[in-house]
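Q: Take this structure first; my questions come after.
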Amino acid sequence: MATAARVAGVGALVVVLAAGGYATADAYDVVPGIVTLAPPVPDPAPFPTAPGAVEPGAAPRALGDLDPQVPLPASGQLQALVDGLAADLRLGPGVGVAVVDQVTGELLAGNAPDAGRVPASTAKILTGVAALTVLDPEATLATRVVRVDGGTIAIVGGGDMMLAAGAGDPGAVLGRAGLADLAARTASALALQGTTSVRLLVDDSLFTGPTTSPGWDPANVGEGFVAPVTSLGVDVGRLREGEYAPRSTDPSMQAAAVFAQRLGELGVTVDGSPSRTASVGDAPELARVESAPLVDVVHYFLETSDNTVTEVVSRLVALDGGLPASFDGGTQAVLRQVAQLGVDVSGARLADASGLADGSSLSPSLLAEIVRLTTDPAHPELRDVALGMPVAGLSGTLADRYTRSDARGLVRAKTGSLPHVTSLAGTVLDAQRRQLVFAVMADQTPDGGQWAPRQAIDGFVTALAACGCR
């Protein structure tokens with residue numbers, strides 16, 4: 001019994017010592033437990049609170065003021081440059097020029113600055129200005145599918161002629177919305193209704209009047225310079241890849257045929273061929289896709305000089321002003337909106353909104369005044385017209401010009417080219433960093449194409465950029 005008691009006592013002592021050792025280890029946080037010698041954890045900082053609402057400050061202006069202390073170039077030296085350009089045989093006898101100071105609006109030099117000339121694509125500046133004056137720059141154009149009756153659907157054009165034949169690209173302007181996406185959404189909606197076979201109609205009634213201008217050369221569509229203007233189109237009506245690929249004679253029906261093919265690939269049978277219909281009114285919507293924002297569309301047609309997209313935008317301006325969405329309505333709406341900015345357009349004529357048609361007439365002074373508005377901090381809504389114009393030697397229709405010129409990157413301008421017509425209107429920084437606005441219009445250029453007249457004009461603008469002229 002004594003031995004047992006000793007064993008029990010020794011065991012108890014071992015347990016006590018072990019417990020004491022564990023407690024010590026616990027106190028030093030070697031083993032888990034509730035005992036610790038570490039300092040207490042401080043209370044957490046209070047949860048941050050958002051500041052109260054405050055009155056917003058004044059929004060910064062879109063463009064800062066140019067420094068008025070920068071000296072003006074001497075008008076005599078500028079006039080000598082203009083006179084040399086007007087006498088350049090590469091431009092022919094019909095040359096109009098206006099060079100204006102951006103800060104003051106003063107005409108510094110000119111040659112027949114108030115005489116009307118054929119603007120060619122410089123007319124697109126007016127369309128861009130009108131669009132961003134009256135339309136929401138973030139607005140998009142919807143292409144919709146609606147159910148007309150139990151077995152009939154309609155694709156409804158909202159003005160997007162830049163649809164992709166396949167899936168849309170959310171990072172693109174051309175092809176932002178895609179017919180494959182529209183077909184997938186339509187097929188899903190039809191599946192919920194148990195429909196696997198439909199008849200397809202086309203509602204492109206948003207635009208009215210002729211789809212081609214009587215002032216266009218009939219060959220322009222086949223040559224890829226323009227497509228008939230409709231409210232629905234794939235890749236601006238191109239029949240194959242390429243900037244100047246031939247265009248469809250009916251972009252709406254071409255788009256409908258592609259859409260029917262996309263539906264068929266998803267198991268929805270389209271009975272017969274698509275056919276055009278009058279407005280479907282408020283028929284219930286099944287699906288839609290949206291274009292790029294309008295401001296991006298304006299940038300696109302200014303940078304690429306796309307005639308068709310420009311005409312589409314002019315019709316949107318007409319619709320906003322309660323005018324017919326046609327060639328006549330579009331040109332009337334564009335000139336009316338420009339006039340509301342305080343520009344005298346009494347002598348201006350637009351045969352179309354893109355400058356492709358015969359019969360347009362604008363003066364260099366008018367073009368220069370409108371360009372100046374786009375760079376005026378008092379008109380931030382027009383800044384995107386200035387930003388959308390090509391940059392010399394870097395982008396758009398000026399990417400392959402000024403590449404070896406000291407004016408590369410210092411010129412933003414809209415080009416214009418027609419047979420025997422070459423024009424350029426934009427801005428340039430001179431050697432003193434004074435911003436000058438210029439418009440050059442030559443509408444009787446000799447035979448031989450665009451190369452020689454462009455060389456003459458680009459040399460003149462390069463001289464403006466290099467001009468200290470003091």
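Letters for chains follow the order of the structure tokens (A, B, ...), residue numbers begin at 1 for each chain, and ligand numbers begin at 1 in the order shown.
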Set the distance at 12 Å and use only C-alpha atoms: which residues neighbour segment 69-76 of chain A once local chain neighbours fewer than 4 positions away are removed? I'd like the list as an MDAnalysis selection string.
A: chainID A and resid 65 80:83 98:110 429:436 464:470
Q: Please identify the strand (DSSP E) residues within segment 231-288 of chain A (assignment by DSSP from backbone atoms) and present them as a ChimeraX atom specification.
A: /A:232-234,269-270,275-276,285-288
Q: Hey, can you spit out that residue selection with C-alpha atoms as a CSV table (one decimal), in the first residue's frame?
A:
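The file below, part14.csv, is the result:
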```csv
chain,number,residue,atom,x,y,z
A,232,LEU,CA,-29.3,50.0,-90.6
A,233,GLY,CA,-26.1,48.7,-92.1
A,234,VAL,CA,-23.2,46.3,-91.6
A,269,THR,CA,-35.5,29.2,-89.0
A,270,VAL,CA,-36.2,32.3,-91.0
A,275,SER,CA,-38.8,42.0,-96.6
A,276,ARG,CA,-39.1,45.7,-95.9
A,285,GLU,CA,-39.1,44.5,-78.0
A,286,LEU,CA,-37.3,41.2,-77.9
A,287,ALA,CA,-33.6,42.3,-78.0
A,288,ARG,CA,-31.3,45.2,-78.8
```
Q: For segment 397-409 of chain A, please output as a ChimeraX atom specification all residues within 10 Å (counting only C-alpha atoms; exclusion window: fewer than 2 positions along the same chain).
A: /A:302-305,389-395,411-416,428-431,454-455,458-459,461-466
Q: Give me, as CSV, each residue of segment 192-237 of chain A that comes within 8 Å of segment 352-362 of chain A, together with its shortest interatomic pair and the distance in Å at one decimal, counting only C-alpha atoms, with rows ordered by chain and rising residue number.
A:
```
residue,atom,partner,partner_atom,distance
A:Ser213,CA,A:Ala357,CA,7.0
A:Pro214,CA,A:Ala357,CA,7.7
A:Gly215,CA,A:Ala357,CA,4.4
A:Trp216,CA,A:Ala357,CA,4.8
A:Asp217,CA,A:Ala357,CA,7.8
```
Q: Would you mind exporting C-alpha atoms of the selected residues as a CSV table (one decimal), in the first residue's frame?
A:
```csv
chain,number,residue,atom,x,y,z
A,213,SER,CA,-27.6,62.2,-103.3
A,214,PRO,CA,-28.3,63.4,-106.9
A,215,GLY,CA,-25.0,65.4,-106.5
A,216,TRP,CA,-23.0,62.2,-106.1
A,217,ASP,CA,-21.2,60.5,-109.0
```
Q: Just want the 8 Å neighbourhood of segment 342-344 of chain A, counted on only C-alpha atoms, with same-chain residues fewer than 2 positions away dropped. Output as a list in words.
A: Val338, Ala339, Gln340, Ser346, Gly347, Leu366, Glu369 and Ile370 of chain A
Q: Filtering to N, CA, C and O atoms, could you give me those residues as a PDB file, in the first residue's frame?
A:
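Generated file (part23.pdb):
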```
ATOM      1  N   VAL A 338     -25.256  75.726 -86.844  1.00  0.00           N
ATOM      2  CA  VAL A 338     -24.042  76.543 -86.907  1.00  0.00           C
ATOM      3  C   VAL A 338     -24.394  78.017 -86.765  1.00  0.00           C
ATOM      4  O   VAL A 338     -23.705  78.776 -86.070  1.00  0.00           O
ATOM      5  N   ALA A 339     -25.477  78.432 -87.406  1.00  0.00           N
ATOM      6  CA  ALA A 339     -25.900  79.831 -87.305  1.00  0.00           C
ATOM      7  C   ALA A 339     -26.252  80.205 -85.876  1.00  0.00           C
ATOM      8  O   ALA A 339     -26.003  81.340 -85.433  1.00  0.00           O
ATOM      9  N   GLN A 340     -26.822  79.275 -85.124  1.00  0.00           N
ATOM     10  CA  GLN A 340     -27.199  79.571 -83.741  1.00  0.00           C
ATOM     11  C   GLN A 340     -25.987  79.760 -82.842  1.00  0.00           C
ATOM     12  O   GLN A 340     -26.131  80.261 -81.723  1.00  0.00           O
ATOM     13  N   SER A 346     -24.985  83.112 -94.200  1.00  0.00           N
ATOM     14  CA  SER A 346     -25.882  83.595 -95.251  1.00  0.00           C
ATOM     15  C   SER A 346     -25.394  83.232 -96.654  1.00  0.00           C
ATOM     16  O   SER A 346     -26.201  83.037 -97.564  1.00  0.00           O
ATOM     17  N   GLY A 347     -24.093  83.142 -96.861  1.00  0.00           N
ATOM     18  CA  GLY A 347     -23.599  82.792 -98.180  1.00  0.00           C
ATOM     19  C   GLY A 347     -23.225  81.338 -98.346  1.00  0.00           C
ATOM     20  O   GLY A 347     -22.719  80.945 -99.405  1.00  0.00           O
ATOM     21  N   LEU A 366     -15.386  81.534 -93.286  1.00  0.00           N
ATOM     22  CA  LEU A 366     -16.409  80.787 -92.546  1.00  0.00           C
ATOM     23  C   LEU A 366     -15.811  79.531 -91.926  1.00  0.00           C
ATOM     24  O   LEU A 366     -16.035  79.242 -90.736  1.00  0.00           O
ATOM     25  N   GLU A 369     -13.619  80.461 -89.002  1.00  0.00           N
ATOM     26  CA  GLU A 369     -14.396  80.893 -87.842  1.00  0.00           C
ATOM     27  C   GLU A 369     -14.970  79.696 -87.090  1.00  0.00           C
ATOM     28  O   GLU A 369     -14.974  79.665 -85.852  1.00  0.00           O
ATOM     29  N   ILE A 370     -15.426  78.690 -87.829  1.00  0.00           N
ATOM     30  CA  ILE A 370     -15.994  77.508 -87.179  1.00  0.00           C
ATOM     31  C   ILE A 370     -14.906  76.703 -86.484  1.00  0.00           C
ATOM     32  O   ILE A 370     -15.097  76.214 -85.360  1.00  0.00           O
TER      33      ILE A 370
END
```
Q: Rank A:Arg117, A:His299, A:Arg262, A:Arg147 by their smallest atom-to-atom distance to Val385 of chain A, using only C-alpha atoms, and report the top residue only.
A: A:His299
Q: Would you please give, as number ranges by chain, all residues of segment 73-302 of chain A that DSSP assigns to alpha helix (DSSP H) based on the backbone?
A: A: 75-86, 124-134, 179-192, 220-223, 251-265, 294-302
